[in-house]
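Novice: Please find final.pdb (PDB, C-alpha atoms and all ligand atoms) on the next line:
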```pdb
MODEL        1
ATOM      1  CA  MET A   1      -1.964   4.888 -18.331
ATOM      2  CA  ALA A   2      -4.626   2.195 -18.744
ATOM      3  CA  LEU A   3      -6.888   1.478 -15.790
ATOM      4  CA  ASP A   4      -5.918  -2.220 -15.783
ATOM      5  CA  THR A   5      -2.165  -2.522 -15.176
ATOM      6  CA  THR A   6      -2.058  -6.352 -15.208
ATOM      7  CA  GLN A   7      -0.435  -6.680 -18.653
ATOM      8  CA  GLN A   8       2.159  -3.972 -17.967
ATOM      9  CA  ASN A   9       3.221  -5.784 -14.792
ATOM     10  CA  ARG A  10       3.420  -9.170 -16.572
ATOM     11  CA  ARG A  11       5.961  -7.625 -18.997
ATOM     12  CA  MET A  12       8.131  -6.697 -16.010
ATOM     13  CA  THR A  13      10.285  -9.848 -15.870
ATOM     14  CA  HIS A  14      13.104  -8.573 -13.627
ATOM     15  CA  PHE A  15      12.985 -11.383 -11.021
ATOM     16  CA  ASN A  16      11.355 -14.148 -13.070
ATOM     17  CA  ASP A  17      14.364 -16.480 -12.906
ATOM     18  CA  HIS A  18      14.782 -16.036  -9.132
ATOM     19  CA  GLU A  19      13.714 -18.765  -6.708
ATOM     20  CA  SER A  20      12.339 -16.157  -4.322
ATOM     21  CA  ILE A  21      11.626 -12.421  -4.414
ATOM     22  CA  TRP A  22      11.368  -9.824  -1.666
ATOM     23  CA  LEU A  23       8.145  -7.816  -1.872
ATOM     24  CA  PHE A  24       7.837  -4.599   0.142
ATOM     25  CA  GLY A  25       4.410  -3.840   1.614
ATOM     26  CA  TYR A  26       3.458  -0.384   2.860
ATOM     27  CA  GLY A  27      -0.354  -0.539   2.841
ATOM     28  CA  SER A  28      -2.702  -3.424   3.518
ATOM     29  CA  LEU A  29       0.217  -5.824   3.156
ATOM     30  CA  ILE A  30       1.552  -4.651   6.494
ATOM     31  CA  TRP A  31      -1.262  -6.324   8.400
ATOM     32  CA  LYS A  32      -2.686  -8.809   5.898
ATOM     33  CA  ALA A  33      -0.797 -10.582   3.147
ATOM     34  CA  GLY A  34      -3.515 -12.741   1.622
ATOM     35  CA  PHE A  35      -0.913 -15.009  -0.031
ATOM     36  CA  ASP A  36       1.590 -17.651   1.033
ATOM     37  CA  TYR A  37       5.094 -16.448   1.832
ATOM     38  CA  LEU A  38       8.428 -17.942   2.858
ATOM     39  CA  GLU A  39       9.450 -15.245   5.318
ATOM     40  CA  ARG A  40       8.188 -11.906   6.658
ATOM     41  CA  ARG A  41      10.394  -9.140   8.091
ATOM     42  CA  PRO A  42       9.905  -5.442   8.955
ATOM     43  CA  ALA A  43      11.849  -3.335   6.467
ATOM     44  CA  HIS A  44      12.113   0.152   5.057
ATOM     45  CA  ILE A  45      12.891   1.816   1.767
ATOM     46  CA  ARG A  46      14.538   5.178   1.205
ATOM     47  CA  GLY A  47      13.337   8.044  -0.975
ATOM     48  CA  TRP A  48       9.613   7.285  -0.786
ATOM     49  CA  THR A  49       6.769   8.560   1.365
ATOM     50  CA  ARG A  50       3.303   7.005   1.912
ATOM     51  CA  ARG A  51       0.228   8.996   0.853
ATOM     52  CA  PHE A  52      -3.509   8.198   0.594
ATOM     53  CA  TRP A  53      -3.627   9.652  -2.878
ATOM     54  CA  GLN A  54      -4.683   6.593  -4.917
ATOM     55  CA  GLY A  55      -8.362   5.986  -5.645
ATOM     56  CA  SER A  56      -9.853   2.577  -4.929
ATOM     57  CA  HIS A  57     -12.773   1.767  -7.202
ATOM     58  CA  ASP A  58     -12.529  -1.999  -6.822
ATOM     59  CA  HIS A  59     -11.547  -2.857  -3.219
ATOM     60  CA  ARG A  60     -12.317  -0.062  -0.734
ATOM     61  CA  GLY A  61     -14.792   1.899  -2.824
ATOM     62  CA  THR A  62     -16.867   1.664  -5.981
ATOM     63  CA  PRO A  63     -16.635   3.279  -9.435
ATOM     64  CA  THR A  64     -19.163   5.928  -8.383
ATOM     65  CA  ALA A  65     -17.874   6.407  -4.809
ATOM     66  CA  PRO A  66     -14.162   5.564  -4.820
ATOM     67  CA  GLY A  67     -12.229   5.154  -1.606
ATOM     68  CA  ARG A  68      -8.635   6.136  -1.030
ATOM     69  CA  VAL A  69      -5.705   3.800  -0.457
ATOM     70  CA  ALA A  70      -1.976   4.200  -0.038
ATOM     71  CA  THR A  71       0.599   4.772  -2.712
ATOM     72  CA  LEU A  72       4.190   6.018  -2.552
ATOM     73  CA  LEU A  73       5.498   9.396  -3.668
ATOM     74  CA  PRO A  74       9.170  10.010  -4.398
ATOM     75  CA  ALA A  75      10.581  12.236  -1.636
ATOM     76  CA  SER A  76      14.244  13.000  -1.226
ATOM     77  CA  GLY A  77      15.478  12.016   2.246
ATOM     78  CA  ALA A  78      12.238  10.252   3.203
ATOM     79  CA  ILE A  79      12.020   6.753   4.660
ATOM     80  CA  CYS A  80       8.987   4.531   4.314
ATOM     81  CA  HIS A  81       8.646   1.728   6.849
ATOM     82  CA  GLY A  82       6.678  -1.392   6.053
ATOM     83  CA  MET A  83       6.748  -5.165   5.919
ATOM     84  CA  ALA A  84       8.814  -7.303   3.551
ATOM     85  CA  TYR A  85       7.649 -10.712   2.357
ATOM     86  CA  ARG A  86       9.898 -13.265   0.675
ATOM     87  CA  ILE A  87       7.669 -14.931  -1.895
ATOM     88  CA  THR A  88       7.963 -17.374  -4.766
ATOM     89  CA  PRO A  89       7.549 -15.812  -8.264
ATOM     90  CA  ASP A  90       4.163 -17.508  -8.850
ATOM     91  CA  ILE A  91       2.620 -15.205  -6.216
ATOM     92  CA  LEU A  92       3.140 -12.163  -8.460
ATOM     93  CA  GLY A  93       0.554 -13.111 -11.119
ATOM     94  CA  PRO A  94      -2.431 -13.095  -8.727
ATOM     95  CA  LEU A  95      -1.038  -9.950  -7.028
ATOM     96  CA  ASP A  96      -0.883  -8.144 -10.387
ATOM     97  CA  VAL A  97      -4.591  -8.924 -10.826
ATOM     98  CA  ARG A  98      -5.480  -7.918  -7.244
ATOM     99  CA  GLU A  99      -3.644  -4.590  -7.617
ATOM    100  CA  LYS A 100      -4.639  -3.926 -11.224
ATOM    101  CA  ASN A 101      -6.301  -0.574 -10.458
ATOM    102  CA  GLY A 102      -3.190   1.480 -11.296
ATOM    103  CA  TYR A 103      -0.303  -0.185  -9.429
ATOM    104  CA  LEU A 104       2.941  -0.967 -11.249
ATOM    105  CA  ARG A 105       5.860  -3.025 -10.011
ATOM    106  CA  GLU A 106       9.010  -1.053  -9.206
ATOM    107  CA  VAL A 107      12.438  -2.383  -8.205
ATOM    108  CA  VAL A 108      13.674  -1.003  -4.868
ATOM    109  CA  THR A 109      16.368  -1.649  -2.262
ATOM    110  CA  LEU A 110      14.844  -3.062   0.924
ATOM    111  CA  ARG A 111      16.667  -2.353   4.178
ATOM    112  CA  PHE A 112      16.216  -4.553   7.247
ATOM    113  CA  ALA A 113      16.732  -3.618  10.900
ATOM    114  CA  ASP A 114      19.937  -5.673  11.168
ATOM    115  CA  GLY A 115      21.552  -3.703   8.309
ATOM    116  CA  ASP A 116      20.952  -6.346   5.625
ATOM    117  CA  THR A 117      19.749  -5.091   2.248
ATOM    118  CA  ALA A 118      18.049  -6.839  -0.680
ATOM    119  CA  GLN A 119      16.711  -5.877  -4.080
ATOM    120  CA  GLY A 120      12.976  -6.387  -4.264
ATOM    121  CA  LEU A 121       9.673  -5.222  -5.646
ATOM    122  CA  VAL A 122       7.080  -2.727  -4.533
ATOM    123  CA  TYR A 123       3.744  -1.850  -6.175
ATOM    124  CA  ILE A 124       3.379   1.898  -6.758
ATOM    125  CA  ALA A 125       0.504   3.873  -8.271
ATOM    126  CA  THR A 126       1.937   6.939  -9.996
ATOM    127  CA  GLU A 127       0.064  10.140 -10.797
ATOM    128  CA  ASP A 128      -0.427   9.199 -14.465
ATOM    129  CA  ASN A 129      -2.759   6.287 -13.645
ATOM    130  CA  ALA A 130      -6.475   6.705 -14.289
ATOM    131  CA  ALA A 131      -7.470   5.980 -10.666
ATOM    132  CA  TYR A 132      -5.083   8.546  -9.160
ATOM    133  CA  LEU A 133      -6.811  11.158  -6.969
ATOM    134  CA  GLY A 134      -3.834  13.113  -5.663
ATOM    135  CA  GLU A 135      -3.468  15.559  -2.824
ATOM    136  CA  ALA A 136      -6.378  16.990  -0.843
ATOM    137  CA  PRO A 137      -6.791  18.489   2.650
ATOM    138  CA  ALA A 138      -6.543  15.838   5.391
ATOM    139  CA  GLU A 139     -10.131  16.458   6.539
ATOM    140  CA  ALA A 140     -11.456  15.920   3.013
ATOM    141  CA  ILE A 141      -9.458  12.705   2.574
ATOM    142  CA  ALA A 142     -10.706  11.479   5.963
ATOM    143  CA  ARG A 143     -14.334  12.250   5.069
ATOM    144  CA  GLN A 144     -13.968  10.329   1.801
ATOM    145  CA  ILE A 145     -12.402   7.361   3.610
ATOM    146  CA  ALA A 146     -15.046   7.393   6.368
ATOM    147  CA  ALA A 147     -17.831   7.246   3.761
ATOM    148  CA  ALA A 148     -16.375   4.725   1.295
ATOM    149  CA  ARG A 149     -16.942   0.989   1.251
ATOM    150  CA  GLY A 150     -16.157  -1.611  -1.427
ATOM    151  CA  PRO A 151     -15.988  -5.372  -2.029
ATOM    152  CA  SER A 152     -13.004  -5.683   0.358
ATOM    153  CA  GLY A 153     -14.838  -3.826   3.136
ATOM    154  CA  PRO A 154     -15.025  -0.343   4.630
ATOM    155  CA  ASN A 155     -12.277   2.061   3.590
ATOM    156  CA  ARG A 156     -11.935   3.163   7.231
ATOM    157  CA  ASP A 157     -10.807  -0.364   8.220
ATOM    158  CA  TYR A 158      -7.936  -0.167   5.696
ATOM    159  CA  LEU A 159      -6.748   3.135   7.216
ATOM    160  CA  LEU A 160      -7.263   2.246  10.888
ATOM    161  CA  ASN A 161      -5.690  -1.215  10.513
ATOM    162  CA  LEU A 162      -2.688   0.409   8.855
ATOM    163  CA  ASP A 163      -2.423   3.022  11.616
ATOM    164  CA  GLU A 164      -2.537   0.313  14.306
ATOM    165  CA  ALA A 165      -0.073  -1.939  12.477
ATOM    166  CA  LEU A 166       2.418   0.931  12.095
ATOM    167  CA  ARG A 167       2.108   1.773  15.800
ATOM    168  CA  ALA A 168       2.715  -1.905  16.653
ATOM    169  CA  LEU A 169       5.914  -1.700  14.594
ATOM    170  CA  ASP A 170       6.838   1.490  16.488
ATOM    171  CA  VAL A 171       6.707   3.464  13.257
ATOM    172  CA  LYS A 172       5.526   7.081  13.270
ATOM    173  CA  ASP A 173       3.785   8.136  10.056
ATOM    174  CA  ALA A 174       2.347  11.633  10.486
ATOM    175  CA  HIS A 175       0.143  11.434   7.359
ATOM    176  CA  VAL A 176      -1.493   8.138   8.379
ATOM    177  CA  ALA A 177      -1.844   9.222  12.023
ATOM    178  CA  GLU A 178      -3.512  12.514  11.019
ATOM    179  CA  LEU A 179      -6.023  10.783   8.734
ATOM    180  CA  ALA A 180      -6.778   8.124  11.366
ATOM    181  CA  HIS A 181      -7.331  10.851  13.972
ATOM    182  CA  HIS A 182      -9.846  12.609  11.700
ATOM    183  CA  VAL A 183     -11.684   9.370  10.854
ATOM    184  CA  ARG A 184     -11.981   8.388  14.543
ATOM    185  CA  HIS A 185     -13.333  11.861  15.258
ATOM    186  CA  LEU A 186     -15.915  11.498  12.464
ATOM    187  CA  ASP A 187     -16.873   8.067  13.874
ATOM    188  CA  SER A 188     -17.401   9.538  17.334
ATOM    189  CA  GLU A 189     -19.586  12.300  15.880
ATOM    190  CA  ALA A 190     -21.756   9.866  13.887
ATOM    191  CA  PRO A 191     -21.257   6.354  15.337
ATOM    192  CA  ASP A 192     -24.213   4.941  13.361
ATOM    193  CA  ALA A 193     -22.690   5.939  10.023
ATOM    194  CA  ARG A 194     -20.125   3.059  10.139
TER     195      ARG A 194
HETATM  196  C1  LIG B   1       0.818  -2.737   0.002
HETATM  197  O1  LIG B   1       0.028  -3.041   0.838
HETATM  198  O2  LIG B   1       1.950  -2.460   0.286
HETATM  199  C2  LIG B   1       0.415  -2.685  -1.413
HETATM  200  C3  LIG B   1       0.365  -3.824  -2.142
HETATM  201  C4  LIG B   1      -0.002  -3.766  -3.457
HETATM  202  C5  LIG B   1      -0.327  -2.564  -4.016
HETATM  203  C6  LIG B   1      -0.268  -1.431  -3.256
HETATM  204  C7  LIG B   1       0.116  -1.481  -1.946
ENDMDL
END
```
Can you give me the file's structure in the form of structure tokens?
Specialist:
Amino acid sequence: MALDTTQQNRRMTHFNDHESIWLFGYGSLIWKAGFDYLERRPAHIRGWTRRFWQGSHDHRGTPTAPGRVATLLPASGAICHGMAYRITPDILGPLDVREKNGYLREVVTLRFADGDTAQGLVYIATEDNAAYLGEAPAEAIARQIAAARGPSGPNRDYLLNLDEALRALDVKDAHVAELAHHVRHLDSEAPDAR
């Protein structure tokens, strides 16, 4: 898959004639949208699990020292909790550009705490994209995150903000919590390295 996914996402016209679209956020979108929205509600999706397996060469790292950010992996029986935003369709163009480093739009069923459901979109970076890094031991992922920094800031802030935002939502994510634990430990060993 090409490194810039903007054009592929523009050809995905599923919700173009809708007045508003639900967008599911599972990474930085949980604590920071960075766009205007009509409504924001905690939600979850079934059959997906969050992993720090996507490389970030443009936001939380650089081409020579990429960071790691979240993507979703298909996982039977899994539930991924996050934040849903109801947006107008014009928001998608700038988002496609912001998330062009491998993320493609996917249609999913969003489930809200009150039992409501809605069809919506989520951005997923699959293993065939050029920036994909894949699985690695938690300590190695944490070391990479602790060291990386890009135009959007330190990679560790992305992880620790996500960990705190999930805790505030009362969501337990063992993968995120384990990585955050390792990064905090690395910080305490070398506080000046931040
Ligand atoms: C998110 O924060 O959920 C997200 C948004 C766009 C691409 C990848 C993740």
Novice: Just want the residues within 6 Å of ligand LIG 1 (chain B), written as a PDB file with C-alpha atoms, in the frame of the given file, counting all atoms listed in the file.
Specialist:
```
ATOM      1  CA  GLY A  25       4.410  -3.840   1.614  1.00  0.00           C
ATOM      2  CA  TYR A  26       3.458  -0.384   2.860  1.00  0.00           C
ATOM      3  CA  GLY A  27      -0.354  -0.539   2.841  1.00  0.00           C
ATOM      4  CA  SER A  28      -2.702  -3.424   3.518  1.00  0.00           C
ATOM      5  CA  LEU A  29       0.217  -5.824   3.156  1.00  0.00           C
ATOM      6  CA  GLU A  99      -3.644  -4.590  -7.617  1.00  0.00           C
ATOM      7  CA  TYR A 103      -0.303  -0.185  -9.429  1.00  0.00           C
ATOM      8  CA  TYR A 123       3.744  -1.850  -6.175  1.00  0.00           C
TER       9      TYR A 123
END
```
Novice: Rounded to one decimal, what separation in Å do you get between CA of Ala75 (chain A) and CA of Asn101 (chain A)?
Specialist: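 About the pair CA of Ala75 (chain A) and CA of Asn101 (chain A): they are 23.0 Å apart.
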Novice: What does the distance between CA of Arg184 (chain A) and CA of Ala142 (chain A) come to in Å, to one decimal place?
Specialist: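 Between CA of Arg184 (chain A) and CA of Ala142 (chain A) the gap is 9.2 Å.
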Novice: May I ask for the distance between CA of Arg156 (chain A) and CA of Glu127 (chain A), given in Å to one decimal place?
Specialist: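 Separation of CA of Arg156 (chain A) and CA of Glu127 (chain A): 22.8 Å.
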Novice: Given the file shown, determine the residues that the PyMOL selection byres (((chain A and resi 19) around 8) and not hetatm) selects; report them as a list in words.
Specialist: Asp17, His18, Ser20, Ile21, Thr88 and Pro89 of chain A
Novice: My structure is short of atoms at region 149-160 of chain A; please model all heavy atoms there, returning them as a PDB file, in the frame of the given file.
Specialist:
```
ATOM      1  N   ARG A 149     -16.870   2.427   0.955  1.00  0.00           N
ATOM      2  CA  ARG A 149     -16.942   0.989   1.251  1.00  0.00           C
ATOM      3  C   ARG A 149     -16.923   0.255  -0.087  1.00  0.00           C
ATOM      4  O   ARG A 149     -17.534   0.714  -1.054  1.00  0.00           O
ATOM      5  CB  ARG A 149     -18.236   0.723   1.990  1.00  0.00           C
ATOM      6  CG  ARG A 149     -18.634  -0.707   2.193  1.00  0.00           C
ATOM      7  CD  ARG A 149     -20.011  -0.775   2.832  1.00  0.00           C
ATOM      8  NE  ARG A 149     -19.998  -0.330   4.212  1.00  0.00           N
ATOM      9  CZ  ARG A 149     -19.796  -1.131   5.255  1.00  0.00           C
ATOM     10  NH1 ARG A 149     -19.607  -2.405   5.076  1.00  0.00           N
ATOM     11  NH2 ARG A 149     -19.813  -0.657   6.478  1.00  0.00           N
ATOM     12  N   GLY A 150     -16.222  -0.861  -0.165  1.00  0.00           N
ATOM     13  CA  GLY A 150     -16.157  -1.611  -1.427  1.00  0.00           C
ATOM     14  C   GLY A 150     -16.182  -3.104  -1.164  1.00  0.00           C
ATOM     15  O   GLY A 150     -16.399  -3.527  -0.016  1.00  0.00           O
ATOM     16  N   PRO A 151     -15.921  -3.919  -2.189  1.00  0.00           N
ATOM     17  CA  PRO A 151     -15.988  -5.372  -2.029  1.00  0.00           C
ATOM     18  C   PRO A 151     -15.039  -5.911  -0.957  1.00  0.00           C
ATOM     19  O   PRO A 151     -15.296  -6.960  -0.366  1.00  0.00           O
ATOM     20  CB  PRO A 151     -15.590  -5.899  -3.413  1.00  0.00           C
ATOM     21  CG  PRO A 151     -15.879  -4.779  -4.354  1.00  0.00           C
ATOM     22  CD  PRO A 151     -15.701  -3.508  -3.590  1.00  0.00           C
ATOM     23  N   SER A 152     -13.934  -5.208  -0.678  1.00  0.00           N
ATOM     24  CA  SER A 152     -13.004  -5.683   0.358  1.00  0.00           C
ATOM     25  C   SER A 152     -13.345  -5.144   1.740  1.00  0.00           C
ATOM     26  O   SER A 152     -12.638  -5.435   2.712  1.00  0.00           O
ATOM     27  CB  SER A 152     -11.566  -5.293   0.001  1.00  0.00           C
ATOM     28  OG  SER A 152     -11.180  -5.874  -1.215  1.00  0.00           O
ATOM     29  N   GLY A 153     -14.412  -4.322   1.826  1.00  0.00           N
ATOM     30  CA  GLY A 153     -14.838  -3.826   3.136  1.00  0.00           C
ATOM     31  C   GLY A 153     -14.758  -2.311   3.220  1.00  0.00           C
ATOM     32  O   GLY A 153     -14.453  -1.628   2.248  1.00  0.00           O
ATOM     33  N   PRO A 154     -15.048  -1.792   4.445  1.00  0.00           N
ATOM     34  CA  PRO A 154     -15.025  -0.343   4.630  1.00  0.00           C
ATOM     35  C   PRO A 154     -13.622   0.232   4.436  1.00  0.00           C
ATOM     36  O   PRO A 154     -12.634  -0.351   4.909  1.00  0.00           O
ATOM     37  CB  PRO A 154     -15.477  -0.168   6.085  1.00  0.00           C
ATOM     38  CG  PRO A 154     -16.114  -1.455   6.478  1.00  0.00           C
ATOM     39  CD  PRO A 154     -15.462  -2.520   5.660  1.00  0.00           C
ATOM     40  N   ASN A 155     -13.563   1.386   3.803  1.00  0.00           N
ATOM     41  CA  ASN A 155     -12.277   2.061   3.590  1.00  0.00           C
ATOM     42  C   ASN A 155     -11.627   2.418   4.933  1.00  0.00           C
ATOM     43  O   ASN A 155     -10.418   2.400   5.098  1.00  0.00           O
ATOM     44  CB  ASN A 155     -12.536   3.325   2.759  1.00  0.00           C
ATOM     45  CG  ASN A 155     -11.311   3.870   2.043  1.00  0.00           C
ATOM     46  OD1 ASN A 155     -11.416   4.819   1.286  1.00  0.00           O
ATOM     47  ND2 ASN A 155     -10.152   3.306   2.254  1.00  0.00           N
ATOM     48  N   ARG A 156     -12.481   2.766   5.931  1.00  0.00           N
ATOM     49  CA  ARG A 156     -11.935   3.163   7.231  1.00  0.00           C
ATOM     50  C   ARG A 156     -11.132   2.023   7.872  1.00  0.00           C
ATOM     51  O   ARG A 156     -10.142   2.268   8.552  1.00  0.00           O
ATOM     52  CB  ARG A 156     -13.053   3.620   8.180  1.00  0.00           C
ATOM     53  CG  ARG A 156     -14.033   2.528   8.537  1.00  0.00           C
ATOM     54  CD  ARG A 156     -15.167   3.006   9.421  1.00  0.00           C
ATOM     55  NE  ARG A 156     -14.758   3.471  10.726  1.00  0.00           N
ATOM     56  CZ  ARG A 156     -14.338   2.688  11.711  1.00  0.00           C
ATOM     57  NH1 ARG A 156     -14.254   1.381  11.543  1.00  0.00           N
ATOM     58  NH2 ARG A 156     -13.994   3.195  12.868  1.00  0.00           N
ATOM     59  N   ASP A 157     -11.538   0.768   7.636  1.00  0.00           N
ATOM     60  CA  ASP A 157     -10.807  -0.364   8.220  1.00  0.00           C
ATOM     61  C   ASP A 157      -9.385  -0.433   7.649  1.00  0.00           C
ATOM     62  O   ASP A 157      -8.420  -0.743   8.362  1.00  0.00           O
ATOM     63  CB  ASP A 157     -11.532  -1.688   7.944  1.00  0.00           C
ATOM     64  CG  ASP A 157     -12.821  -1.796   8.748  1.00  0.00           C
ATOM     65  OD1 ASP A 157     -13.128  -0.861   9.517  1.00  0.00           O
ATOM     66  OD2 ASP A 157     -13.530  -2.812   8.591  1.00  0.00           O
ATOM     67  N   TYR A 158      -9.271  -0.164   6.339  1.00  0.00           N
ATOM     68  CA  TYR A 158      -7.936  -0.167   5.696  1.00  0.00           C
ATOM     69  C   TYR A 158      -7.043   0.843   6.410  1.00  0.00           C
ATOM     70  O   TYR A 158      -5.902   0.551   6.783  1.00  0.00           O
ATOM     71  CB  TYR A 158      -8.101   0.175   4.215  1.00  0.00           C
ATOM     72  CG  TYR A 158      -6.826   0.301   3.403  1.00  0.00           C
ATOM     73  CD1 TYR A 158      -6.446  -0.697   2.492  1.00  0.00           C
ATOM     74  CD2 TYR A 158      -6.011   1.423   3.509  1.00  0.00           C
ATOM     75  CE1 TYR A 158      -5.290  -0.562   1.739  1.00  0.00           C
ATOM     76  CE2 TYR A 158      -4.852   1.555   2.763  1.00  0.00           C
ATOM     77  CZ  TYR A 158      -4.499   0.565   1.877  1.00  0.00           C
ATOM     78  OH  TYR A 158      -3.354   0.697   1.132  1.00  0.00           O
ATOM     79  N   LEU A 159      -7.549   2.073   6.593  1.00  0.00           N
ATOM     80  CA  LEU A 159      -6.748   3.135   7.216  1.00  0.00           C
ATOM     81  C   LEU A 159      -6.443   2.816   8.679  1.00  0.00           C
ATOM     82  O   LEU A 159      -5.289   2.917   9.121  1.00  0.00           O
ATOM     83  CB  LEU A 159      -7.507   4.465   7.120  1.00  0.00           C
ATOM     84  CG  LEU A 159      -6.919   5.610   7.935  1.00  0.00           C
ATOM     85  CD1 LEU A 159      -5.549   6.018   7.399  1.00  0.00           C
ATOM     86  CD2 LEU A 159      -7.857   6.807   7.956  1.00  0.00           C
ATOM     87  N   LEU A 160      -7.474   2.430   9.442  1.00  0.00           N
ATOM     88  CA  LEU A 160      -7.263   2.246  10.888  1.00  0.00           C
ATOM     89  C   LEU A 160      -6.414   1.003  11.166  1.00  0.00           C
ATOM     90  O   LEU A 160      -5.596   1.000  12.089  1.00  0.00           O
ATOM     91  CB  LEU A 160      -8.606   2.186  11.620  1.00  0.00           C
ATOM     92  CG  LEU A 160      -9.449   3.475  11.498  1.00  0.00           C
ATOM     93  CD1 LEU A 160     -10.749   3.360  12.308  1.00  0.00           C
ATOM     94  CD2 LEU A 160      -8.676   4.721  11.920  1.00  0.00           C
TER      95      LEU A 160
END
```
